[in-house]
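Have a look at my_file.json below; it lists JSON, C-alpha atoms.
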[["chain", "number", "residue", "atom", "x", "y", "z"],
["C", 271, "MET", "CA", 1.46, 9.88, 22.98],
["C", 272, "MET", "CA", 4.05, 7.54, 24.47],
["C", 273, "SER", "CA", 7.19, 9.43, 25.46],
["C", 274, "ARG", "CA", 10.47, 8.50, 23.83],
["C", 275, "ILE", "CA", 13.65, 7.94, 25.82],
["C", 276, "GLY", "CA", 15.82, 11.05, 25.99],
["C", 277, "GLY", "CA", 13.43, 12.95, 23.77],
["C", 278, "ASP", "CA", 14.56, 10.97, 20.71],
["C", 279, "PRO", "CA", 12.11, 11.82, 17.92],
["C", 280, "ALA", "CA", 12.54, 8.39, 16.34],
["C", 281, "ALA", "CA", 9.83, 5.84, 17.01],
["C", 282, "ALA", "CA", 10.76, 2.98, 19.33],
["C", 283, "LEU", "CA", 12.05, -0.11, 17.51],
["C", 284, "VAL", "CA", 10.17, -3.32, 18.36],
["C", 285, "PRO", "CA", 12.05, -6.28, 16.84],
["C", 286, "ASP", "CA", 9.98, -9.32, 17.82],
["C", 287, "ARG", "CA", 6.59, -10.59, 18.92],
["C", 288, "ASP", "CA", 7.47, -10.81, 22.63],
["C", 289, "ALA", "CA", 8.63, -7.19, 22.70],
["C", 290, "LEU", "CA", 5.51, -6.14, 20.80],
["C", 291, "GLU", "CA", 3.22, -7.98, 23.21],
["C", 292, "HIS", "CA", 5.01, -6.37, 26.18],
["C", 293, "LEU", "CA", 4.69, -2.91, 24.64],
["C", 294, "LEU", "CA", 1.01, -3.34, 23.75],
["C", 295, "SER", "CA", 0.20, -4.56, 27.25],
["C", 296, "ARG", "CA", 1.70, -1.37, 28.69],
["C", 297, "ALA", "CA", 0.95, 1.30, 26.10],
["C", 298, "ALA", "CA", -1.95, 0.35, 23.84],
["C", 299, "ALA", "CA", -4.98, 2.56, 24.41],
["C", 300, "PRO", "CA", -8.27, 0.65, 24.64],
["C", 301, "GLY", "CA", -10.35, 1.56, 21.59],
["C", 302, "ARG", "CA", -7.67, 3.92, 20.31],
["C", 303, "THR", "CA", -4.90, 1.81, 18.80],
["C", 304, "ALA", "CA", -3.97, 2.24, 15.13],
["C", 305, "VAL", "CA", -1.62, 0.40, 12.78],
["C", 306, "VAL", "CA", 0.02, 1.44, 9.52],
["C", 307, "MET", "CA", 1.44, -1.54, 7.62],
["C", 308, "THR", "CA", 4.44, -0.94, 5.34],
["C", 309, "MET", "CA", 7.35, -2.71, 3.71],
["C", 310, "GLY", "CA", 9.70, 0.05, 4.83],
["C", 311, "ALA", "CA", 11.66, 2.54, 2.70],
["C", 312, "LEU", "CA", 9.22, 5.07, 4.13],
["C", 313, "HIS", "CA", 8.42, 8.30, 2.31],
["C", 314, "GLU", "CA", 5.94, 11.17, 2.61],
["C", 315, "GLY", "CA", 3.09, 8.91, 1.52],
["C", 316, "HIS", "CA", 3.69, 6.69, 4.53],
["C", 317, "ALA", "CA", 4.08, 9.74, 6.75],
["C", 318, "THR", "CA", 0.64, 10.89, 5.61],
["C", 319, "LEU", "CA", -0.80, 7.54, 6.73],
["C", 320, "VAL", "CA", 0.87, 7.85, 10.13],
["C", 321, "ARG", "CA", -0.39, 11.40, 10.59],
["C", 322, "ALA", "CA", -3.91, 10.26, 9.70],
["C", 323, "ALA", "CA", -3.62, 7.47, 12.27],
["C", 324, "ARG", "CA", -2.39, 9.86, 14.96],
["C", 325, "GLU", "CA", -5.18, 12.32, 14.23],
["C", 326, "ARG", "CA", -7.73, 9.53, 14.48],
["C", 327, "VAL", "CA", -6.59, 8.09, 17.83],
["C", 328, "GLY", "CA", -5.52, 11.38, 19.42],
["C", 329, "ARG", "CA", -2.53, 12.21, 21.57],
["C", 330, "GLU", "CA", -3.37, 9.56, 24.13],
["C", 331, "GLY", "CA", -3.86, 6.84, 21.53],
["C", 332, "PHE", "CA", -1.22, 4.41, 20.31],
["C", 333, "VAL", "CA", 0.15, 4.22, 16.76],
["C", 334, "VAL", "CA", 2.35, 1.38, 15.57],
["C", 335, "VAL", "CA", 3.95, 1.14, 12.13],
["C", 336, "THR", "CA", 4.93, -2.28, 10.84],
["C", 337, "VAL", "CA", 7.99, -2.61, 8.60],
["C", 338, "PHE", "CA", 8.22, -6.02, 6.98],
["C", 339, "VAL", "CA", 9.25, -6.98, 3.45],
["C", 340, "ASN", "CA", 6.88, -9.90, 3.05],
["C", 341, "PRO", "CA", 8.37, -12.66, 0.87],
["C", 342, "LEU", "CA", 4.95, -14.25, 0.28],
["C", 343, "GLN", "CA", 3.78, -11.39, -1.93],
["C", 344, "PHE", "CA", 6.78, -11.42, -4.27],
["C", 345, "GLY", "CA", 6.74, -13.71, -7.28],
["C", 346, "ALA", "CA", 9.61, -15.28, -9.21],
["C", 347, "GLY", "CA", 11.77, -12.62, -10.82],
["C", 348, "GLU", "CA", 10.37, -9.78, -8.71],
["C", 349, "ASP", "CA", 12.46, -7.39, -6.64],
["C", 350, "LEU", "CA", 12.44, -9.02, -3.18],
["C", 351, "ASP", "CA", 16.23, -9.05, -2.82],
["C", 352, "ARG", "CA", 16.74, -5.49, -4.02],
["C", 353, "TYR", "CA", 13.71, -3.98, -2.32],
["C", 354, "PRO", "CA", 15.11, -0.98, -0.39],
["C", 355, "ARG", "CA", 15.66, -1.42, 3.34],
["C", 356, "THR", "CA", 16.22, 1.81, 5.29],
["C", 357, "LEU", "CA", 15.23, 0.99, 8.85],
["C", 358, "GLU", "CA", 17.12, 3.76, 10.65],
["C", 359, "ALA", "CA", 15.57, 6.42, 8.42],
["C", 360, "ASP", "CA", 12.19, 4.69, 8.74],
["C", 361, "LEU", "CA", 12.29, 4.95, 12.54],
["C", 362, "ARG", "CA", 12.92, 8.67, 12.35],
["C", 363, "LEU", "CA", 10.29, 9.38, 9.70],
["C", 364, "ALA", "CA", 7.70, 7.31, 11.56],
["C", 365, "GLY", "CA", 8.46, 9.10, 14.82],
["C", 366, "ASP", "CA", 8.38, 12.54, 13.23],
["C", 367, "ALA", "CA", 4.97, 11.72, 11.74],
["C", 368, "GLY", "CA", 3.56, 10.66, 15.10],
["C", 369, "ALA", "CA", 4.14, 6.91, 15.47],
["C", 370, "ASP", "CA", 4.95, 5.52, 18.89],
["C", 371, "ALA", "CA", 6.62, 2.32, 17.73],
["C", 372, "VAL", "CA", 7.87, 0.48, 14.66],
["C", 373, "PHE", "CA", 7.41, -3.28, 14.67],
["C", 374, "ALA", "CA", 10.16, -4.54, 12.34],
["C", 375, "PRO", "CA", 10.34, -8.33, 12.66],
["C", 376, "SER", "CA", 12.51, -10.70, 10.66],
["C", 377, "ALA", "CA", 11.01, -13.21, 8.25],
["C", 378, "GLU", "CA", 11.84, -15.94, 10.76],
["C", 379, "GLU", "CA", 9.87, -14.06, 13.42],
["C", 380, "VAL", "CA", 6.78, -13.70, 11.23],
["C", 381, "TYR", "CA", 7.02, -17.19, 9.72],
["C", 382, "PRO", "CA", 8.82, -19.23, 12.41],
["C", 383, "GLY", "CA", 8.20, -22.54, 10.67],
["C", 384, "GLY", "CA", 9.22, -21.28, 7.26],
["C", 385, "ALA", "CA", 6.69, -20.51, 4.54],
["C", 386, "PRO", "CA", 3.27, -21.13, 6.13],
["C", 387, "GLN", "CA", 1.33, -24.18, 4.99],
["C", 388, "VAL", "CA", -2.00, -22.51, 5.81],
["C", 389, "ARG", "CA", -2.59, -19.18, 4.09],
["C", 390, "VAL", "CA", -5.44, -16.73, 3.54],
["C", 391, "ALA", "CA", -6.75, -16.87, -0.03],
["C", 392, "ALA", "CA", -7.80, -13.57, -1.58],
["C", 393, "GLY", "CA", -10.49, -15.23, -3.70],
["C", 394, "PRO", "CA", -11.77, -13.95, -7.06],
["C", 395, "MET", "CA", -11.09, -10.31, -6.20],
["C", 396, "GLY", "CA", -7.41, -11.17, -5.89],
["C", 397, "ASP", "CA", -7.20, -12.90, -9.27],
["C", 398, "ARG", "CA", -7.85, -9.83, -11.43],
["C", 399, "TYR", "CA", -5.62, -6.94, -12.55],
["C", 400, "GLU", "CA", -2.64, -7.01, -10.16],
["C", 401, "GLY", "CA", -3.52, -10.58, -9.24],
["C", 402, "ALA", "CA", -3.50, -11.68, -12.89],
["C", 403, "SER", "CA", -0.10, -10.06, -13.45],
["C", 404, "ARG", "CA", 1.31, -11.30, -10.14],
["C", 405, "PRO", "CA", -0.27, -14.71, -9.36],
["C", 406, "GLY", "CA", -0.45, -15.41, -5.64],
["C", 407, "HIS", "CA", 0.42, -11.83, -4.71],
["C", 408, "PHE", "CA", -2.81, -11.08, -2.86],
["C", 409, "ASP", "CA", -2.79, -14.41, -1.04],
["C", 410, "GLY", "CA", 0.56, -13.30, 0.35],
["C", 411, "VAL", "CA", -0.84, -9.88, 1.21],
["C", 412, "CYS", "CA", -3.88, -11.32, 2.97],
["C", 413, "THR", "CA", -1.80, -13.81, 4.93],
["C", 414, "VAL", "CA", 0.64, -11.25, 6.27],
["C", 415, "VAL", "CA", -2.04, -8.62, 6.93],
["C", 416, "ALA", "CA", -4.06, -11.18, 8.89],
["C", 417, "LYS", "CA", -1.00, -12.11, 10.96],
["C", 418, "LEU", "CA", -0.08, -8.48, 11.62],
["C", 419, "LEU", "CA", -3.63, -7.60, 12.62],
["C", 420, "HIS", "CA", -3.56, -10.44, 15.15],
["C", 421, "LEU", "CA", -0.17, -9.35, 16.47],
["C", 422, "THR", "CA", -0.80, -5.59, 16.69],
["C", 423, "ARG", "CA", -4.49, -5.83, 17.76],
["C", 424, "PRO", "CA", -5.54, -2.43, 16.35],
["C", 425, "ASP", "CA", -8.96, -0.82, 16.39],
["C", 426, "VAL", "CA", -8.24, 0.85, 13.06],
["C", 427, "ALA", "CA", -5.76, 0.17, 10.24],
["C", 428, "PHE", "CA", -4.68, 2.69, 7.59],
["C", 429, "PHE", "CA", -3.78, 1.83, 3.99],
["C", 430, "GLY", "CA", -2.96, 4.03, 1.01],
["C", 431, "GLU", "CA", -5.41, 4.36, -1.86],
["C", 432, "LYS", "CA", -2.53, 4.13, -4.36],
["C", 433, "ASP", "CA", -2.74, 0.36, -3.89],
["C", 434, "ALA", "CA", -6.45, 0.41, -4.63],
["C", 435, "GLN", "CA", -6.88, -3.30, -5.21],
["C", 436, "GLN", "CA", -4.93, -4.15, -2.07],
["C", 437, "LEU", "CA", -7.20, -1.84, -0.08],
["C", 438, "ALA", "CA", -10.30, -3.48, -1.59],
["C", 439, "VAL", "CA", -9.01, -7.00, -0.88],
["C", 440, "VAL", "CA", -8.04, -6.18, 2.71],
["C", 441, "ARG", "CA", -11.43, -4.58, 3.36],
["C", 442, "ARG", "CA", -13.18, -7.66, 1.99],
["C", 443, "MET", "CA", -11.01, -9.98, 4.08],
["C", 444, "ALA", "CA", -11.75, -7.99, 7.25],
["C", 445, "THR", "CA", -15.48, -8.17, 6.51],
["C", 446, "ASP", "CA", -15.63, -11.81, 5.43],
["C", 447, "LEU", "CA", -13.46, -13.07, 8.29],
["C", 448, "ASN", "CA", -14.94, -10.77, 10.97],
["C", 449, "PHE", "CA", -11.75, -8.99, 11.95],
["C", 450, "PRO", "CA", -12.68, -6.48, 14.67],
["C", 451, "VAL", "CA", -10.88, -3.61, 12.91],
["C", 452, "GLU", "CA", -11.88, -0.64, 10.77],
["C", 453, "ILE", "CA", -9.95, -0.38, 7.49],
["C", 454, "VAL", "CA", -9.36, 3.23, 6.43],
["C", 455, "GLY", "CA", -8.09, 4.35, 3.02],
["C", 456, "VAL", "CA", -5.96, 7.49, 2.71],
["C", 457, "PRO", "CA", -5.68, 9.40, -0.60],
["C", 458, "THR", "CA", -2.57, 8.99, -2.76],
["C", 459, "VAL", "CA", 0.28, 11.41, -2.14],
["C", 460, "ARG", "CA", 2.02, 12.74, -5.26],
["C", 461, "GLU", "CA", 5.20, 14.54, -6.18],
["C", 462, "PRO", "CA", 4.74, 18.10, -7.47],
["C", 463, "ASP", "CA", 5.01, 16.75, -11.04],
["C", 464, "GLY", "CA", 2.17, 14.28, -10.43],
["C", 465, "LEU", "CA", 4.13, 11.04, -9.98],
["C", 466, "ALA", "CA", 2.56, 8.94, -7.23],
["C", 467, "LEU", "CA", 4.94, 8.45, -4.33],
["C", 468, "SER", "CA", 6.35, 4.93, -4.18],
["C", 469, "SER", "CA", 9.36, 3.28, -2.60],
["C", 470, "ARG", "CA", 10.16, 1.93, -6.07],
["C", 471, "ASN", "CA", 10.52, 5.43, -7.56],
["C", 472, "ARG", "CA", 14.13, 5.46, -6.37],
["C", 473, "TYR", "CA", 14.90, 2.82, -9.02],
["C", 474, "LEU", "CA", 14.01, 5.22, -11.84],
["C", 475, "SER", "CA", 16.71, 7.05, -13.78],
["C", 476, "PRO", "CA", 15.97, 10.72, -14.59],
["C", 477, "GLU", "CA", 14.91, 9.72, -18.11],
["C", 478, "GLU", "CA", 12.72, 6.89, -16.83],
["C", 479, "ARG", "CA", 11.09, 9.20, -14.33],
["C", 480, "THR", "CA", 10.15, 11.59, -17.12],
["C", 481, "SER", "CA", 8.57, 8.74, -19.07],
["C", 482, "ALA", "CA", 6.76, 7.50, -15.93],
["C", 483, "LEU", "CA", 4.84, 10.76, -15.69],
["C", 484, "ALA", "CA", 2.66, 9.41, -18.50],
["C", 485, "LEU", "CA", 0.84, 7.25, -15.94],
["C", 486, "SER", "CA", -0.57, 10.19, -14.00],
["C", 487, "ARG", "CA", -1.18, 12.15, -17.22],
["C", 488, "ALA", "CA", -3.21, 9.24, -18.59],
["C", 489, "LEU", "CA", -5.27, 9.00, -15.42],
["C", 490, "HIS", "CA", -5.99, 12.71, -15.39],
["C", 491, "ALA", "CA", -6.94, 12.62, -19.08],
["C", 492, "GLY", "CA", -9.37, 9.83, -18.30],
["C", 493, "ARG", "CA", -10.84, 11.71, -15.36],
["C", 494, "ASP", "CA", -11.27, 14.83, -17.49],
["C", 495, "ALA", "CA", -13.34, 12.75, -19.94],
["C", 496, "ALA", "CA", -15.68, 11.38, -17.27],
["C", 497, "ALA", "CA", -18.64, 13.52, -18.32],
["C", 498, "ARG", "CA", -18.70, 11.68, -21.66],
["C", 499, "GLY", "CA", -18.96, 8.24, -20.06],
["C", 500, "PRO", "CA", -16.81, 5.16, -19.40],
["C", 501, "ARG", "CA", -15.82, 4.54, -23.02],
["C", 502, "SER", "CA", -14.44, 8.07, -23.35],
["C", 503, "VAL", "CA", -12.56, 7.67, -20.06],
["C", 504, "ARG", "CA", -10.79, 4.57, -21.36],
["C", 505, "GLU", "CA", -10.07, 6.09, -24.76],
["C", 506, "ALA", "CA", -8.60, 9.31, -23.35],
["C", 507, "ALA", "CA", -6.30, 7.45, -20.96],
["C", 508, "ALA", "CA", -5.29, 4.89, -23.58],
["C", 509, "ALA", "CA", -4.31, 7.63, -26.04],
["C", 510, "VAL", "CA", -1.77, 9.06, -23.59],
["C", 511, "LEU", "CA", -0.32, 5.63, -22.87],
["C", 512, "ALA", "CA", -0.12, 4.74, -26.57],
["C", 513, "GLN", "CA", 2.03, 7.81, -27.15],
["C", 514, "ALA", "CA", 4.17, 6.95, -24.11],
["C", 515, "ALA", "CA", 4.83, 3.47, -25.54],
["C", 516, "SER", "CA", 7.08, 5.09, -28.15],
["C", 517, "ALA", "CA", 8.83, 7.44, -25.73],
["C", 518, "SER", "CA", 12.51, 7.02, -24.86],
["C", 519, "PRO", "CA", 12.60, 5.09, -22.61],
["C", 520, "PRO", "CA", 9.17, 3.60, -23.40],
["C", 521, "VAL", "CA", 6.29, 2.92, -21.02],
["C", 522, "ASP", "CA", 5.43, -0.77, -21.32],
["C", 523, "LEU", "CA", 1.74, -1.04, -20.38],
["C", 524, "ASP", "CA", 0.57, -3.99, -18.30],
["C", 525, "TYR", "CA", -3.06, -2.99, -17.94],
["C", 526, "LEU", "CA", -5.42, -0.03, -18.01],
["C", 527, "ALA", "CA", -8.79, -0.70, -16.37],
["C", 528, "LEU", "CA", -11.89, 1.20, -15.37],
["C", 529, "ILE", "CA", -13.12, -0.60, -12.29],
["C", 530, "ASP", "CA", -16.38, -0.79, -10.37],
["C", 531, "PRO", "CA", -15.15, -0.54, -6.75],
["C", 532, "ALA", "CA", -18.11, -2.53, -5.39],
["C", 533, "GLY", "CA", -16.58, -5.85, -6.44],
["C", 534, "PHE", "CA", -13.41, -4.64, -8.13],
["C", 535, "THR", "CA", -14.63, -5.79, -11.52],
["C", 536, "GLU", "CA", -14.53, -4.07, -14.91],
["C", 537, "ALA", "CA", -17.02, -1.21, -15.15],
["C", 538, "GLY", "CA", -19.30, -1.55, -18.17],
["C", 539, "ASP", "CA", -19.99, 1.19, -20.69],
["C", 540, "GLY", "CA", -23.25, 1.94, -18.90],
["C", 541, "HIS", "CA", -21.68, 2.25, -15.45],
["C", 542, "THR", "CA", -22.62, 5.28, -13.38],
["C", 543, "GLY", "CA", -21.41, 6.43, -9.98],
["C", 544, "GLU", "CA", -17.93, 5.94, -8.57],
["C", 545, "ALA", "CA", -15.22, 4.13, -10.52],
["C", 546, "VAL", "CA", -11.48, 3.59, -10.21],
["C", 547, "LEU", "CA", -9.27, 4.16, -13.25],
["C", 548, "ALA", "CA", -6.17, 2.05, -12.64],
["C", 549, "VAL", "CA", -2.95, 1.55, -14.57],
["C", 550, "ALA", "CA", 0.12, -0.65, -14.22],
["C", 551, "ALA", "CA", 3.19, -0.32, -16.42],
["C", 552, "ARG", "CA", 6.90, -0.98, -16.50],
["C", 553, "VAL", "CA", 9.45, 1.73, -17.15],
["C", 554, "GLY", "CA", 12.88, 0.22, -17.56],
["C", 555, "THR", "CA", 13.04, -2.51, -14.92],
["C", 556, "THR", "CA", 10.63, -0.76, -12.54],
["C", 557, "ARG", "CA", 6.96, -1.70, -12.35],
["C", 558, "LEU", "CA", 4.65, 1.13, -11.27],
["C", 559, "ILE", "CA", 0.96, 1.32, -10.42],
["C", 560, "ASP", "CA", -1.36, 4.28, -10.03],
["C", 561, "ASN", "CA", -5.07, 5.09, -10.00],
["C", 562, "VAL", "CA", -7.62, 7.87, -9.63],
["C", 563, "ARG", "CA", -11.21, 7.80, -8.46],
["C", 564, "ILE", "CA", -13.76, 9.03, -10.97],
["C", 565, "ALA", "CA", -17.40, 10.05, -10.70],
["C", 566, "LEU", "CA", -19.40, 8.90, -13.72]]

In structure tokens, write the structure found in this file.
Amino acid sequence: MMSRIGGDPAAALVPDRDALEHLLSRAAAPGRTAVVMTMGALHEGHATLVRAARERVGREGFVVVTVFVNPLQFGAGEDLDRYPRTLEADLRLAGDAGADAVFAPSAEEVYPGGAPQVRVAAGPMGDRYEGASRPGHFDGVCTVVAKLLHLTRPDVAFFGEKDAQQLAVVRRMATDLNFPVEIVGVPTVREPDGLALSSRNRYLSPEERTSALALSRALHAGRDAAARGPRSVREAAAAVLAQAASASPPVDLDYLALIDPAGFTEAGDGHTGEAVLAVAARVGTTRLIDNVRIAL
């Protein structure tokens, strides 16, 4: 692992493309370079990704975390301006977890000519579920992930399974566009009460957090019903969410879907094998997503 000046446990801050290129030319390990892409406000879920990356590439490998709040993936009325930015804490968490460097460019550095005229389209997979609720979101994700893969030149990239559709879209993009990188998914990290870790959890009041636990309860109820088939999975999860809709504060459901991961399409009532049960809902002003993998 690259040594840090003065034994500082924080990962080295890399603010721009020139500094990143200089660092990669000196420190990147051929065949053993990993990237973890984030929007910052790092938490234990991100740390788990970094630890997985370090384990994969070994002590002599190179792990870079990117911290960039990408404006292209935020729609009108979403929380771009209030999205938490905690760079100093991010550097320390990333370093403690095993990262060598944090690439934290400005928007002007990533998009020097302003919003790019040429973008990567996510295609049909990006139009469903999250894409239907947030039009253009996955085009923004694909565009920035493509740019960051070019800039960081990793052999392997790690993404959390909590953003299941994002992971599926990025994998498809890497395959379809022949990116020379392996995309690895890492299981969702949860709080002891079951709430999936998210940078947006800090927006929740204590009462909203209690209501938000219905998301993970619904997913677990659906998973427990898997032996009875897809229809029972949907019904069990929907029953929990219907009750949560009248909680105080209420859970305002966006979608509940049982998904065939092969093409990220709705799983039919006769589906067998692996499936993803996914939910998106708003509690107060905070929009949350979660999912579990189910064997049918």

Atom CA of Asp522 of chain C and atom CA of Ala506 of chain C are how many Å apart? 17.4 Å

Do you have the atom CA of Gly455 of chain C-atom CA of Leu361 of chain C distance handy?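 These atoms are spaced 22.5 Å apart.
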
Select, from C:Val454, C:Phe429, C:His316, C:Gln343, the residue with the minimum atom-to-atom distance to Gly410 of chain C, counting all atoms listed in the file.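 With all atoms listed in the file as the atom set, the closest residue is C:Gln343.
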
Do you know which residues lie at most 12 Å from (3.6, -1.4, -17.2), with coordinates as in the file and all atoms listed in the file counted, and could you write them as a VMD selection string? chain C and resid 399 to 400 403 481 to 482 484 to 485 511 to 512 514 to 515 520 to 526 548 to 560

C-alpha atoms of the current selection, written as a CSV table (one decimal), keeping the file's coordinate frame:
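Ended up saving to out.csv:
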chain,number,residue,atom,x,y,z
C,399,TYR,CA,-5.6,-6.9,-12.6
C,400,GLU,CA,-2.6,-7.0,-10.2
C,403,SER,CA,-0.1,-10.1,-13.4
C,481,SER,CA,8.6,8.7,-19.1
C,482,ALA,CA,6.8,7.5,-15.9
C,484,ALA,CA,2.7,9.4,-18.5
C,485,LEU,CA,0.8,7.2,-15.9
C,511,LEU,CA,-0.3,5.6,-22.9
C,512,ALA,CA,-0.1,4.7,-26.6
C,514,ALA,CA,4.2,7.0,-24.1
C,515,ALA,CA,4.8,3.5,-25.5
C,520,PRO,CA,9.2,3.6,-23.4
C,521,VAL,CA,6.3,2.9,-21.0
C,522,ASP,CA,5.4,-0.8,-21.3
C,523,LEU,CA,1.7,-1.0,-20.4
C,524,ASP,CA,0.6,-4.0,-18.3
C,525,TYR,CA,-3.1,-3.0,-17.9
C,526,LEU,CA,-5.4,0.0,-18.0
C,548,ALA,CA,-6.2,2.0,-12.6
C,549,VAL,CA,-3.0,1.6,-14.6
C,550,ALA,CA,0.1,-0.6,-14.2
C,551,ALA,CA,3.2,-0.3,-16.4
C,552,ARG,CA,6.9,-1.0,-16.5
C,553,VAL,CA,9.4,1.7,-17.2
C,554,GLY,CA,12.9,0.2,-17.6
C,555,THR,CA,13.0,-2.5,-14.9
C,556,THR,CA,10.6,-0.8,-12.5
C,557,ARG,CA,7.0,-1.7,-12.4
C,558,LEU,CA,4.6,1.1,-11.3
C,559,ILE,CA,1.0,1.3,-10.4
C,560,ASP,CA,-1.4,4.3,-10.0

Produce a table with one row for each residue of segment 333-436 of chain C that has an atom at most 12 Å from any atom of segment 280-285 of chain C, each row naming the nearest atom pair and its distance in Å at one decimal; use only C-alpha atoms; arrange rows by chain and rising residue number; format as a Markdown table.
| residue | atom | partner | partner_atom | distance |
| --- | --- | --- | --- | --- |
| C:Val333 | CA | C:Ala281 | CA | 9.8 |
| C:Val334 | CA | C:Ala281 | CA | 8.8 |
| C:Val335 | CA | C:Ala281 | CA | 9.0 |
| C:Thr336 | CA | C:Val284 | CA | 9.2 |
| C:Val337 | CA | C:Pro285 | CA | 9.9 |
| C:Phe338 | CA | C:Pro285 | CA | 10.6 |
| C:Leu357 | CA | C:Leu283 | CA | 9.3 |
| C:Glu358 | CA | C:Ala280 | CA | 8.6 |
| C:Ala359 | CA | C:Ala280 | CA | 8.7 |
| C:Asp360 | CA | C:Ala280 | CA | 8.5 |
| C:Leu361 | CA | C:Ala280 | CA | 5.1 |
| C:Arg362 | CA | C:Ala280 | CA | 4.0 |
| C:Leu363 | CA | C:Ala280 | CA | 7.1 |
| C:Ala364 | CA | C:Ala281 | CA | 6.0 |
| C:Gly365 | CA | C:Ala281 | CA | 4.2 |
| C:Asp366 | CA | C:Ala280 | CA | 6.6 |
| C:Ala367 | CA | C:Ala281 | CA | 9.3 |
| C:Gly368 | CA | C:Ala281 | CA | 8.1 |
| C:Ala369 | CA | C:Ala281 | CA | 6.0 |
| C:Asp370 | CA | C:Ala281 | CA | 5.2 |
| C:Ala371 | CA | C:Ala282 | CA | 4.5 |
| C:Val372 | CA | C:Leu283 | CA | 5.1 |
| C:Phe373 | CA | C:Val284 | CA | 4.6 |
| C:Ala374 | CA | C:Pro285 | CA | 5.2 |
| C:Pro375 | CA | C:Pro285 | CA | 5.0 |
| C:Ser376 | CA | C:Pro285 | CA | 7.6 |
| C:Ala377 | CA | C:Pro285 | CA | 11.1 |
| C:Glu378 | CA | C:Pro285 | CA | 11.4 |
| C:Glu379 | CA | C:Pro285 | CA | 8.8 |
| C:Val380 | CA | C:Pro285 | CA | 10.7 |
| C:Thr422 | CA | C:Val284 | CA | 11.3 |

Output: segment 317-328 of chain C of the preceding structure, restricted to N, CA, C and O atoms, written as a PDB file, in the first residue's frame.
ATOM      1  N   ALA C 317     -17.085   2.240   3.380  1.00  0.00           N
ATOM      2  CA  ALA C 317     -15.880   1.624   3.935  1.00  0.00           C
ATOM      3  C   ALA C 317     -15.814   0.144   3.583  1.00  0.00           C
ATOM      4  O   ALA C 317     -14.737  -0.398   3.302  1.00  0.00           O
ATOM      5  N   THR C 318     -16.973  -0.516   3.568  1.00  0.00           N
ATOM      6  CA  THR C 318     -17.012  -1.927   3.194  1.00  0.00           C
ATOM      7  C   THR C 318     -16.556  -2.115   1.749  1.00  0.00           C
ATOM      8  O   THR C 318     -15.833  -3.070   1.428  1.00  0.00           O
ATOM      9  N   LEU C 319     -16.969  -1.210   0.863  1.00  0.00           N
ATOM     10  CA  LEU C 319     -16.517  -1.268  -0.528  1.00  0.00           C
ATOM     11  C   LEU C 319     -15.007  -1.101  -0.622  1.00  0.00           C
ATOM     12  O   LEU C 319     -14.330  -1.816  -1.382  1.00  0.00           O
ATOM     13  N   VAL C 320     -14.471  -0.151   0.126  1.00  0.00           N
ATOM     14  CA  VAL C 320     -13.029   0.097   0.086  1.00  0.00           C
ATOM     15  C   VAL C 320     -12.261  -1.107   0.621  1.00  0.00           C
ATOM     16  O   VAL C 320     -11.242  -1.525   0.053  1.00  0.00           O
ATOM     17  N   ARG C 321     -12.756  -1.694   1.709  1.00  0.00           N
ATOM     18  CA  ARG C 321     -12.080  -2.874   2.253  1.00  0.00           C
ATOM     19  C   ARG C 321     -12.114  -4.032   1.263  1.00  0.00           C
ATOM     20  O   ARG C 321     -11.135  -4.786   1.124  1.00  0.00           O
ATOM     21  N   ALA C 322     -13.245  -4.183   0.555  1.00  0.00           N
ATOM     22  CA  ALA C 322     -13.330  -5.235  -0.458  1.00  0.00           C
ATOM     23  C   ALA C 322     -12.326  -4.982  -1.582  1.00  0.00           C
ATOM     24  O   ALA C 322     -11.689  -5.915  -2.091  1.00  0.00           O
ATOM     25  N   ALA C 323     -12.183  -3.723  -1.965  1.00  0.00           N
ATOM     26  CA  ALA C 323     -11.221  -3.375  -3.009  1.00  0.00           C
ATOM     27  C   ALA C 323      -9.789  -3.663  -2.554  1.00  0.00           C
ATOM     28  O   ALA C 323      -8.984  -4.236  -3.296  1.00  0.00           O
ATOM     29  N   ARG C 324      -9.488  -3.285  -1.318  1.00  0.00           N
ATOM     30  CA  ARG C 324      -8.129  -3.534  -0.808  1.00  0.00           C
ATOM     31  C   ARG C 324      -7.841  -5.027  -0.732  1.00  0.00           C
ATOM     32  O   ARG C 324      -6.751  -5.480  -1.106  1.00  0.00           O
ATOM     33  N   GLU C 325      -8.813  -5.796  -0.256  1.00  0.00           N
ATOM     34  CA  GLU C 325      -8.608  -7.239  -0.178  1.00  0.00           C
ATOM     35  C   GLU C 325      -8.357  -7.827  -1.563  1.00  0.00           C
ATOM     36  O   GLU C 325      -7.523  -8.716  -1.736  1.00  0.00           O
ATOM     37  N   ARG C 326      -9.075  -7.314  -2.550  1.00  0.00           N
ATOM     38  CA  ARG C 326      -8.945  -7.850  -3.906  1.00  0.00           C
ATOM     39  C   ARG C 326      -7.571  -7.568  -4.492  1.00  0.00           C
ATOM     40  O   ARG C 326      -6.951  -8.450  -5.108  1.00  0.00           O
ATOM     41  N   VAL C 327      -7.068  -6.334  -4.345  1.00  0.00           N
ATOM     42  CA  VAL C 327      -5.806  -5.974  -5.017  1.00  0.00           C
ATOM     43  C   VAL C 327      -4.588  -6.248  -4.144  1.00  0.00           C
ATOM     44  O   VAL C 327      -3.449  -6.223  -4.634  1.00  0.00           O
ATOM     45  N   GLY C 328      -4.786  -6.495  -2.850  1.00  0.00           N
ATOM     46  CA  GLY C 328      -3.660  -6.801  -1.976  1.00  0.00           C
ATOM     47  C   GLY C 328      -2.922  -5.565  -1.496  1.00  0.00           C
ATOM     48  O   GLY C 328      -3.186  -4.430  -1.921  1.00  0.00           O
TER      49      GLY C 328
END
